[in-house]
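Some notes on the structure that comes next.
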Amino acid sequence: MKEYEVIKNYRRDDALRASFNALAGKTFGIDFEDWYQNGYWTDAYNPHSIVIDGKIAANVSVNHTDFVWRGERFRLIQLGTVMTGEEYRNRGLIRRIMETIEEDYADKADGIYLFANDSVLDFYPKFGFREAREYQYDKTLHNRKERTMEQVPMERKEDWDKVERAVKESVCNGAFDLAGNSSLIMFYLTKYMRENVYYEKNLGVYAVAEMEGKSLLLHQVFSRREADLAEVTAAFGKEIERVSLGFTPKKPEEFECSLLKEEDTTLFVKGNAFEDFGRERMRFPVLARA
């Protein structure tokens, strides 16, 4: 293997996957092994890495995240899990990987995007990326109904399979929705958001949400028929007085809209798909971030 060769499609290589997980754990405190063992790591998530002395020295992962916007499907690619081992920094490894990704996907995607921390804001514009704004949607509620949303157990594979089917069979309940990548959503629902999955049987709706006092963070809604967000939020009960959406609603006029500000996080985009992104006041769904 020549120096700085970029390797990919290696998730079934136990040694390299273990090295990838070790670097991800040291860099971000995350581990993808259970995601792999449970069958959710698919071709949609493809690390592009440089191996030195048998170890993953640097990585940029390519995540295929098609989106539906106004009934039209866009082929998007998200870059994430950008990391370099401490002993391999300042060698231009990430630049080498980015160049390979550019070669591989220049004509195969409508757009590429990523979320960067403040330490690398000058790096991505060198590859044609530009900063983009996202918007937050909130609403004050005046609900008098009792809570009918029930928490869904997410402890067993059988529980996960049932929810995954609902995700795959769901219509788009947002104006800008992830399509065809349930494995990314299941990364969250089987790891960090097991306690945040709810179901309302009368509405036939699964909701991924967090309740903080009188506030509701509604990350995503899954249903076979288009859901009424007013009914979904009301199902969380009269104690909830305020809702914040983790996605772009289909009826933005029903919500307060404000510029989304996240500490140490900047969205970078490139490609034709993002020409109207800021103008349309869009937000990437929380569950679509790799």
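Residue names in the structure tokens use chain letters A, B, ... in the order shown, residue numbers from 1 in each chain, and ligand numbers from 1 in the order shown.
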
Requested in this report: Excluding A:Glu239 and any residue of its chain fewer than 2 positions from it, enumerate the residues within 10 Å of it, using only C-alpha atoms, and give them as a VMD selection string.
Outcome: chain A and resid 141 to 147 213 to 216 234 236 to 237 241 to 242

Requested in this report: Do a neighbour search on A:Ile30 at 12 Å with only C-alpha atoms, toss out local chain neighbours closer than 4 positions, and write the hits as a PyMOL selection string.
Outcome: chain A and resi 20-26+34-35+81+187-188+191-192+290

What does the file look like for those residues with all heavy atoms, as a CSV table (one decimal), in the first residue's frame?
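The file below, result.csv, is the result:
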chain,number,residue,atom,x,y,z
A,20,PHE,N,-10.8,2.0,13.6
A,20,PHE,CA,-11.6,3.1,13.3
A,20,PHE,C,-12.4,3.5,14.6
A,20,PHE,O,-12.5,4.6,15.0
A,20,PHE,CB,-12.6,2.8,12.2
A,20,PHE,CG,-13.7,3.8,11.9
A,20,PHE,CD1,-13.5,4.9,11.2
A,20,PHE,CD2,-15.0,3.6,12.5
A,20,PHE,CE1,-14.5,5.8,11.0
A,20,PHE,CE2,-16.0,4.5,12.3
A,20,PHE,CZ,-15.7,5.6,11.5
A,21,ASN,N,-13.0,2.4,15.2
A,21,ASN,CA,-13.8,2.7,16.4
A,21,ASN,C,-12.9,3.2,17.6
A,21,ASN,O,-13.3,4.1,18.3
A,21,ASN,CB,-14.4,1.4,16.9
A,21,ASN,CG,-15.6,1.0,16.1
A,21,ASN,OD1,-16.4,1.9,15.7
A,21,ASN,ND2,-15.9,-0.3,15.9
A,22,ALA,N,-11.6,2.8,17.6
A,22,ALA,CA,-10.7,3.3,18.7
A,22,ALA,C,-10.5,4.8,18.5
A,22,ALA,O,-10.5,5.5,19.4
A,22,ALA,CB,-9.4,2.5,18.6
A,23,LEU,N,-10.2,5.2,17.2
A,23,LEU,CA,-10.0,6.6,16.9
A,23,LEU,C,-11.2,7.4,17.2
A,23,LEU,O,-11.1,8.5,17.7
A,23,LEU,CB,-9.4,6.7,15.5
A,23,LEU,CG,-9.0,8.2,15.1
A,23,LEU,CD1,-8.0,8.7,16.1
A,23,LEU,CD2,-8.5,8.2,13.7
A,24,ALA,N,-12.4,6.9,16.8
A,24,ALA,CA,-13.6,7.6,17.0
A,24,ALA,C,-13.9,7.8,18.5
A,24,ALA,O,-14.4,8.8,18.9
A,24,ALA,CB,-14.8,6.9,16.3
A,25,GLY,N,-13.6,6.7,19.2
A,25,GLY,CA,-13.8,6.8,20.7
A,25,GLY,C,-12.9,7.8,21.3
A,25,GLY,O,-13.3,8.6,22.2
A,26,LYS,N,-11.6,7.9,20.9
A,26,LYS,CA,-10.7,8.8,21.5
A,26,LYS,C,-11.0,10.3,21.1
A,26,LYS,O,-10.8,11.2,21.8
A,26,LYS,CB,-9.3,8.4,21.0
A,26,LYS,CG,-8.2,9.2,21.7
A,26,LYS,CD,-6.8,8.7,21.3
A,26,LYS,CE,-5.7,9.5,22.1
A,26,LYS,NZ,-4.4,9.0,21.7
A,34,ASP,N,-21.5,-1.5,18.0
A,34,ASP,CA,-22.9,-2.1,18.2
A,34,ASP,C,-23.8,-1.8,17.0
A,34,ASP,O,-24.6,-2.6,16.7
A,34,ASP,CB,-23.5,-1.6,19.5
A,34,ASP,CG,-23.6,-0.1,19.7
A,34,ASP,OD1,-22.9,0.6,18.9
A,34,ASP,OD2,-24.3,0.3,20.6
A,35,TRP,N,-23.6,-0.6,16.4
A,35,TRP,CA,-24.4,-0.2,15.2
A,35,TRP,C,-24.1,-1.2,14.1
A,35,TRP,O,-25.0,-1.7,13.4
A,35,TRP,CB,-24.0,1.2,14.8
A,35,TRP,CG,-24.8,1.8,13.8
A,35,TRP,CD1,-26.1,2.0,13.7
A,35,TRP,CD2,-24.3,2.5,12.6
A,35,TRP,NE1,-26.5,2.7,12.6
A,35,TRP,CE2,-25.4,3.0,11.9
A,35,TRP,CE3,-23.0,2.8,12.1
A,35,TRP,CZ2,-25.3,3.8,10.8
A,35,TRP,CZ3,-22.9,3.5,11.0
A,35,TRP,CH2,-24.0,4.0,10.3
A,81,THR,N,-17.5,12.5,10.9
A,81,THR,CA,-16.5,11.7,11.6
A,81,THR,C,-15.1,12.1,11.1
A,81,THR,O,-14.3,11.2,10.8
A,81,THR,CB,-16.7,10.2,11.5
A,81,THR,OG1,-18.1,9.9,11.4
A,81,THR,CG2,-16.1,9.5,12.7
A,187,PHE,N,-29.2,4.7,14.2
A,187,PHE,CA,-28.0,5.0,15.0
A,187,PHE,C,-28.4,5.7,16.3
A,187,PHE,O,-27.9,5.4,17.4
A,187,PHE,CB,-27.0,5.8,14.2
A,187,PHE,CG,-25.8,6.2,14.9
A,187,PHE,CD1,-24.7,5.3,15.1
A,187,PHE,CD2,-25.7,7.5,15.4
A,187,PHE,CE1,-23.6,5.7,15.8
A,187,PHE,CE2,-24.6,7.9,16.1
A,187,PHE,CZ,-23.5,7.0,16.3
A,188,TYR,N,-29.3,6.7,16.1
A,188,TYR,CA,-29.7,7.5,17.3
A,188,TYR,C,-30.7,6.7,18.1
A,188,TYR,O,-30.5,6.7,19.4
A,188,TYR,CB,-30.4,8.8,16.8
A,188,TYR,CG,-29.4,9.8,16.3
A,188,TYR,CD1,-29.3,10.0,14.9
A,188,TYR,CD2,-28.7,10.6,17.1
A,188,TYR,CE1,-28.4,10.9,14.4
A,188,TYR,CE2,-27.8,11.6,16.6
A,188,TYR,CZ,-27.7,11.7,15.2
A,188,TYR,OH,-26.8,12.6,14.7
A,191,LYS,N,-29.1,4.0,20.3
A,191,LYS,CA,-28.0,4.3,21.1
A,191,LYS,C,-28.3,5.5,22.1
A,191,LYS,O,-28.5,5.3,23.3
A,191,LYS,CB,-26.8,4.7,20.2
A,191,LYS,CG,-26.2,3.5,19.5
A,191,LYS,CD,-25.2,4.0,18.4
A,191,LYS,CE,-23.9,4.4,19.1
A,191,LYS,NZ,-23.1,3.4,19.8
A,192,TYR,N,-28.4,6.7,21.6
A,192,TYR,CA,-28.5,7.8,22.4
A,192,TYR,C,-29.9,8.3,22.7
A,192,TYR,O,-30.1,9.1,23.6
A,192,TYR,CB,-27.7,9.0,21.8
A,192,TYR,CG,-26.3,8.6,21.4
A,192,TYR,CD1,-25.9,8.5,20.1
A,192,TYR,CD2,-25.4,8.3,22.4
A,192,TYR,CE1,-24.6,8.1,19.8
A,192,TYR,CE2,-24.1,8.0,22.1
A,192,TYR,CZ,-23.7,7.9,20.8
A,192,TYR,OH,-22.4,7.5,20.5
A,290,ALA,N,-24.9,13.1,10.6
A,290,ALA,CA,-23.9,11.9,10.8
A,290,ALA,C,-22.7,12.4,11.5
A,290,ALA,O,-22.2,13.6,11.3
A,290,ALA,CB,-23.5,11.3,9.5

Query raised in the report: Using the chain letters and numbers from this document, which residues of stretch 10-126 of chain A does DSSP assign to helix (DSSP H, G or I), as a PyMOL selection string?
Result: chain A and resi 14-28+33-37+86-88+93-105+118-120+124-126

Query - Computed interatomic separation between atom CA of A:Leu229 and atom CA of A:Ser258 (Å) - result: 18.8 Å

Query - Top pick for closest residue to A:His219, considering A:Ala116, A:Val60, A:Leu203, A:Leu189 and counting only C-alpha atoms - result: A:Leu189

Requested in this report: as a PyMOL selection string, please: all residues of stretch 27-109 of chain A that backbone DSSP puts in strand (DSSP E or B).
Outcome: chain A and resi 45-52+55-64+66-69+72-74+76-84

Written selection (N, CA and C atoms) as an mmCIF file, in the first residue's frame:
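Heads up, here's the output in again_1.cif:
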data_model
loop_
_atom_site.group_PDB
_atom_site.id
_atom_site.type_symbol
_atom_site.label_atom_id
_atom_site.label_comp_id
_atom_site.auth_asym_id
_atom_site.auth_seq_id
_atom_site.Cartn_x
_atom_site.Cartn_y
_atom_site.Cartn_z
ATOM 1 N N TYR A 45 -23.062 4.450 4.842
ATOM 2 C CA TYR A 45 -22.036 5.097 5.658
ATOM 3 C C TYR A 45 -20.687 4.487 5.288
ATOM 4 N N ASN A 46 -19.828 5.283 4.658
ATOM 5 C CA ASN A 46 -18.584 4.760 4.107
ATOM 6 C C ASN A 46 -17.394 5.601 4.558
ATOM 7 N N PRO A 47 -16.672 5.170 5.580
ATOM 8 C CA PRO A 47 -15.470 5.890 5.995
ATOM 9 C C PRO A 47 -14.400 5.872 4.895
ATOM 10 N N HIS A 48 -13.783 7.003 4.683
ATOM 11 C CA HIS A 48 -12.638 7.132 3.788
ATOM 12 C C HIS A 48 -11.434 7.422 4.683
ATOM 13 N N SER A 49 -10.507 6.496 4.722
ATOM 14 C CA SER A 49 -9.452 6.563 5.729
ATOM 15 C C SER A 49 -8.064 6.368 5.130
ATOM 16 N N ILE A 50 -7.090 6.857 5.860
ATOM 17 C CA ILE A 50 -5.687 6.597 5.559
ATOM 18 C C ILE A 50 -5.146 5.697 6.659
ATOM 19 N N VAL A 51 -4.512 4.611 6.258
ATOM 20 C CA VAL A 51 -3.945 3.647 7.197
ATOM 21 C C VAL A 51 -2.430 3.778 7.211
ATOM 22 N N ILE A 52 -1.865 3.914 8.397
ATOM 23 C CA ILE A 52 -0.418 3.958 8.583
ATOM 24 C C ILE A 52 -0.053 2.942 9.664
ATOM 25 N N LYS A 55 -2.931 1.041 11.307
ATOM 26 C CA LYS A 55 -3.939 1.755 12.084
ATOM 27 C C LYS A 55 -4.596 2.849 11.248
ATOM 28 N N ILE A 56 -5.852 3.138 11.564
ATOM 29 C CA ILE A 56 -6.522 4.264 10.936
ATOM 30 C C ILE A 56 -5.882 5.542 11.475
ATOM 31 N N ALA A 57 -5.217 6.265 10.590
ATOM 32 C CA ALA A 57 -4.515 7.483 10.991
ATOM 33 C C ALA A 57 -5.395 8.715 10.839
ATOM 34 N N ALA A 58 -6.269 8.703 9.831
ATOM 35 C CA ALA A 58 -7.151 9.852 9.582
ATOM 36 C C ALA A 58 -8.375 9.370 8.834
ATOM 37 N N ASN A 59 -9.470 10.098 8.984
ATOM 38 C CA ASN A 59 -10.730 9.656 8.378
ATOM 39 C C ASN A 59 -11.671 10.819 8.087
ATOM 40 N N VAL A 60 -12.405 10.685 6.984
ATOM 41 C CA VAL A 60 -13.579 11.505 6.688
ATOM 42 C C VAL A 60 -14.637 10.531 6.180
ATOM 43 N N SER A 61 -15.757 10.442 6.855
ATOM 44 C CA SER A 61 -16.802 9.504 6.445
ATOM 45 C C SER A 61 -17.783 10.160 5.482
ATOM 46 N N VAL A 62 -18.177 9.395 4.482
ATOM 47 C CA VAL A 62 -19.174 9.820 3.510
ATOM 48 C C VAL A 62 -20.489 9.140 3.863
ATOM 49 N N ASN A 63 -21.508 9.920 4.088
ATOM 50 C CA ASN A 63 -22.820 9.375 4.422
ATOM 51 C C ASN A 63 -23.820 9.791 3.350
ATOM 52 N N HIS A 64 -24.419 8.815 2.691
ATOM 53 C CA HIS A 64 -25.395 9.093 1.637
ATOM 54 C C HIS A 64 -26.724 9.460 2.284
ATOM 55 N N ASP A 66 -29.983 11.084 0.974
ATOM 56 C CA ASP A 66 -30.939 11.665 0.039
ATOM 57 C C ASP A 66 -32.039 12.383 0.823
ATOM 58 N N PHE A 67 -32.522 13.486 0.256
ATOM 59 C CA PHE A 67 -33.593 14.252 0.890
ATOM 60 C C PHE A 67 -34.716 14.503 -0.104
ATOM 61 N N VAL A 68 -35.924 14.610 0.428
ATOM 62 C CA VAL A 68 -37.085 14.997 -0.373
ATOM 63 C C VAL A 68 -37.456 16.419 -0.001
ATOM 64 N N TRP A 69 -37.551 17.263 -1.013
ATOM 65 C CA TRP A 69 -37.895 18.662 -0.819
ATOM 66 C C TRP A 69 -38.892 19.049 -1.904
ATOM 67 N N GLU A 72 -39.542 16.530 -4.610
ATOM 68 C CA GLU A 72 -38.417 16.156 -5.453
ATOM 69 C C GLU A 72 -37.297 15.574 -4.601
ATOM 70 N N ARG A 73 -36.687 14.514 -5.106
ATOM 71 C CA ARG A 73 -35.615 13.843 -4.362
ATOM 72 C C ARG A 73 -34.255 14.367 -4.804
ATOM 73 N N PHE A 74 -33.424 14.703 -3.824
ATOM 74 C CA PHE A 74 -32.081 15.194 -4.082
ATOM 75 C C PHE A 74 -31.062 14.204 -3.528
ATOM 76 N N LEU A 76 -27.865 13.797 -1.826
ATOM 77 C CA LEU A 76 -26.918 14.579 -1.036
ATOM 78 C C LEU A 76 -25.927 13.660 -0.342
ATOM 79 N N ILE A 77 -24.785 14.230 -0.044
ATOM 80 C CA ILE A 77 -23.740 13.526 0.689
ATOM 81 C C ILE A 77 -23.321 14.374 1.870
ATOM 82 N N GLN A 78 -23.280 13.756 3.036
ATOM 83 C CA GLN A 78 -22.831 14.441 4.239
ATOM 84 C C GLN A 78 -21.455 13.907 4.626
ATOM 85 N N LEU A 79 -20.553 14.794 4.945
ATOM 86 C CA LEU A 79 -19.235 14.404 5.428
ATOM 87 C C LEU A 79 -19.215 14.522 6.945
ATOM 88 N N GLY A 80 -18.653 13.531 7.597
ATOM 89 C CA GLY A 80 -18.621 13.559 9.056
ATOM 90 C C GLY A 80 -17.536 12.652 9.603
ATOM 91 N N THR A 81 -17.492 12.515 10.911
ATOM 92 C CA THR A 81 -16.463 11.731 11.614
ATOM 93 C C THR A 81 -15.076 12.094 11.090
ATOM 94 N N VAL A 82 -14.844 13.408 10.973
ATOM 95 C CA VAL A 82 -13.545 13.905 10.506
ATOM 96 C C VAL A 82 -12.576 13.864 11.685
ATOM 97 N N MET A 83 -11.512 13.069 11.544
ATOM 98 C CA MET A 83 -10.617 12.876 12.687
ATOM 99 C C MET A 83 -9.232 12.444 12.219
ATOM 100 N N THR A 84 -8.240 12.814 13.018
ATOM 101 C CA THR A 84 -6.856 12.436 12.768
ATOM 102 C C THR A 84 -6.209 12.051 14.092
#

Find the residues near A:Glu155: any atom within 10 Å, counting only C-alpha atoms, skip ones fewer than 4 places away on the same chain, and give them as a compact mmCIF listing (two decimals) with N, CA and C atoms, in the first residue's frame.
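Just written: out19.txt:
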# COMPACT_ATOMS: atom_id res chain seq x y z
N ASP A 159 -37.92 -4.63 19.46
CA ASP A 159 -38.44 -3.27 19.58
C ASP A 159 -37.89 -2.39 18.47
N TRP A 160 -36.61 -2.54 18.21
CA TRP A 160 -35.96 -1.72 17.18
C TRP A 160 -36.52 -2.03 15.80
N THR A 190 -31.21 3.57 18.65
CA THR A 190 -30.74 2.39 19.36
C THR A 190 -29.57 2.71 20.29
N LYS A 191 -29.12 3.96 20.29
CA LYS A 191 -27.97 4.32 21.12
C LYS A 191 -28.32 5.46 22.08
N ARG A 194 -32.80 6.14 23.04
CA ARG A 194 -33.70 5.02 23.34
C ARG A 194 -34.89 5.44 24.18
N GLU A 195 -34.69 6.42 25.04
CA GLU A 195 -35.76 6.86 25.93
C GLU A 195 -36.61 7.97 25.33

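Counting only C-alpha atoms, the residue from A:Glu33, A:Glu210, A:Glu169, A:Asp161 that sits nearest to A:Arg225 is A:Glu169.
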
Query raised in the report: What does the distance between atom CA of A:Phe274 and atom CA of A:Ser183 come to in Å, to one decimal place?
Result: 24.0 Å

Query - Nearest residue to A:Met149 from the set A:Ala230, A:Val163, A:Val197, A:Ile97 (distances using only C-alpha atoms) - result: A:Val197

Report summary line: Counting only C-alpha atoms, closest pick from A:Arg281, A:Lys168, A:Lys261, A:Lys251 relative to A:Arg224 is A:Lys168

**Report entry** From A:Val120, A:Leu287, A:Leu217, A:Ala209, residue lying nearest A:Ile94 [only C-alpha atoms]
**Finding:** A:Val120

Requested in this report: For atom CA of A:Arg279 and atom CA of A:Tyr135, quote the distance in Å rounded to one decimal.
Outcome: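 Spanning atom CA of A:Arg279 to atom CA of A:Tyr135 is a straight-line distance of 10.3 Å.
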
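The shell of residues at most 10 Å from A:Leu121, with only C-alpha atoms counted and near chain neighbours (fewer than 2 positions) removed, consists of Ala116, Asn117, Asp118, Ser119, Phe123, Tyr124, Pro125, Arg130, Glu131, Thr265, Thr266, Leu267 and Phe268 of chain A.
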
Serialized selection, all heavy atoms, as a short mmCIF file (atom, residue, chain, number, x, y, z; two decimals), in the first residue's frame:
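To be explicit, this is the file written out as out-v7.cif:
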data_model
loop_
_atom_site.label_atom_id
_atom_site.label_comp_id
_atom_site.auth_asym_id
_atom_site.auth_seq_id
_atom_site.Cartn_x
_atom_site.Cartn_y
_atom_site.Cartn_z
N ALA A 116 -19.07 21.75 10.84
CA ALA A 116 -17.69 21.92 11.28
C ALA A 116 -17.62 22.67 12.60
O ALA A 116 -18.46 23.52 12.90
CB ALA A 116 -16.90 22.68 10.22
N ASN A 117 -16.58 22.35 13.38
CA ASN A 117 -16.36 23.13 14.60
C ASN A 117 -15.54 24.37 14.29
O ASN A 117 -15.00 24.52 13.19
CB ASN A 117 -15.70 22.26 15.69
CG ASN A 117 -14.35 21.72 15.27
OD1 ASN A 117 -13.50 22.43 14.75
ND2 ASN A 117 -14.14 20.43 15.49
N ASP A 118 -15.43 25.25 15.25
CA ASP A 118 -14.84 26.57 15.02
C ASP A 118 -13.35 26.51 14.67
O ASP A 118 -12.81 27.49 14.15
CB ASP A 118 -15.03 27.45 16.26
CG ASP A 118 -16.49 27.79 16.51
OD1 ASP A 118 -17.32 27.56 15.59
OD2 ASP A 118 -16.82 28.28 17.61
N SER A 119 -12.68 25.42 14.96
CA SER A 119 -11.23 25.35 14.73
C SER A 119 -10.86 25.14 13.27
O SER A 119 -9.69 25.29 12.90
CB SER A 119 -10.63 24.21 15.57
OG SER A 119 -11.11 22.95 15.13
N PHE A 123 -10.77 25.94 6.67
CA PHE A 123 -10.31 24.79 5.89
C PHE A 123 -11.26 24.43 4.76
O PHE A 123 -10.84 24.29 3.60
CB PHE A 123 -10.14 23.59 6.83
CG PHE A 123 -9.69 22.33 6.14
CD1 PHE A 123 -8.41 22.21 5.65
CD2 PHE A 123 -10.58 21.25 5.98
CE1 PHE A 123 -7.99 21.03 5.01
CE2 PHE A 123 -10.16 20.09 5.35
CZ PHE A 123 -8.87 19.98 4.86
N TYR A 124 -12.54 24.32 5.04
CA TYR A 124 -13.47 23.79 4.05
C TYR A 124 -13.73 24.73 2.86
O TYR A 124 -13.98 24.24 1.75
CB TYR A 124 -14.78 23.38 4.73
CG TYR A 124 -14.56 22.20 5.65
CD1 TYR A 124 -14.58 22.36 7.04
CD2 TYR A 124 -14.30 20.94 5.14
CE1 TYR A 124 -14.35 21.28 7.89
CE2 TYR A 124 -14.08 19.86 5.98
CZ TYR A 124 -14.10 20.03 7.35
OH TYR A 124 -13.85 18.96 8.18
N PRO A 125 -13.67 26.06 3.03
CA PRO A 125 -13.81 26.91 1.85
C PRO A 125 -12.75 26.65 0.78
O PRO A 125 -12.97 26.95 -0.40
CB PRO A 125 -13.67 28.33 2.44
CG PRO A 125 -14.20 28.19 3.83
CD PRO A 125 -13.70 26.83 4.28
N ARG A 130 -19.22 26.71 1.29
CA ARG A 130 -19.57 28.02 1.84
C ARG A 130 -20.42 27.83 3.09
O ARG A 130 -21.11 26.81 3.24
CB ARG A 130 -20.34 28.85 0.81
CG ARG A 130 -21.66 28.23 0.37
CD ARG A 130 -22.43 29.14 -0.57
NE ARG A 130 -23.64 28.51 -1.06
CZ ARG A 130 -24.80 28.47 -0.39
NH1 ARG A 130 -24.88 29.04 0.79
NH2 ARG A 130 -25.86 27.90 -0.92
N GLU A 131 -20.37 28.80 3.95
CA GLU A 131 -21.20 28.75 5.15
C GLU A 131 -22.67 28.93 4.78
O GLU A 131 -23.01 29.68 3.87
CB GLU A 131 -20.79 29.83 6.15
CG GLU A 131 -19.42 29.61 6.76
CD GLU A 131 -19.11 30.61 7.85
OE1 GLU A 131 -20.08 31.14 8.46
OE2 GLU A 131 -17.92 30.86 8.11
N THR A 265 -20.50 25.11 16.06
CA THR A 265 -21.02 24.33 14.93
C THR A 265 -21.41 25.25 13.79
O THR A 265 -22.21 26.18 13.98
CB THR A 265 -22.26 23.51 15.34
OG1 THR A 265 -21.91 22.62 16.40
CG2 THR A 265 -22.77 22.68 14.17
N THR A 266 -20.84 25.01 12.61
CA THR A 266 -21.15 25.80 11.43
C THR A 266 -21.45 24.85 10.28
O THR A 266 -20.71 23.90 10.02
CB THR A 266 -19.98 26.71 11.03
OG1 THR A 266 -19.70 27.62 12.10
CG2 THR A 266 -20.30 27.51 9.78
N LEU A 267 -22.56 25.11 9.59
CA LEU A 267 -22.93 24.31 8.43
C LEU A 267 -22.21 24.83 7.19
O LEU A 267 -22.22 26.02 6.90
CB LEU A 267 -24.44 24.38 8.23
CG LEU A 267 -25.00 23.79 6.93
CD1 LEU A 267 -24.76 22.27 6.87
CD2 LEU A 267 -26.49 24.10 6.78
N PHE A 268 -21.58 23.91 6.46
CA PHE A 268 -20.94 24.23 5.18
C PHE A 268 -21.62 23.41 4.09
O PHE A 268 -21.91 22.21 4.29
CB PHE A 268 -19.45 23.90 5.21
CG PHE A 268 -18.61 24.91 5.94
CD1 PHE A 268 -18.33 24.76 7.28
CD2 PHE A 268 -18.09 26.01 5.27
CE1 PHE A 268 -17.56 25.69 7.96
CE2 PHE A 268 -17.31 26.94 5.92
CZ PHE A 268 -17.04 26.79 7.28
#

Query raised in the report: Which polymer residues have any atom within 6 Å of an atom of A:Arg283, counting only C-alpha atoms, with same-chain residues fewer than 5 positions away left out, as a list in words?
Result: Glu134, Tyr135, Phe247 and Thr248 of chain A

Report task. Pick out the residues sitting within 7 Å of A:Lys270, and hand them over as a count of residues only; count only C-alpha atoms, and ignore anything fewer than 3 positions along from it in its own chain. Result -> 7

Report task. Could you tell me which of A:Gly29, A:Gly246, A:Glu5, A:Glu254 comes closest to A:Arg96 if we count only C-alpha atoms? Result ->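 Closest candidate: A:Glu5.
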
Query raised in the report: So which residues touch A:Thr65 within 8 Å, counting only C-alpha atoms, skipping near sequence neighbours fewer than 5 positions away, as a ChimeraX atom specification?
Result: /A:44,75-78,178-181,288
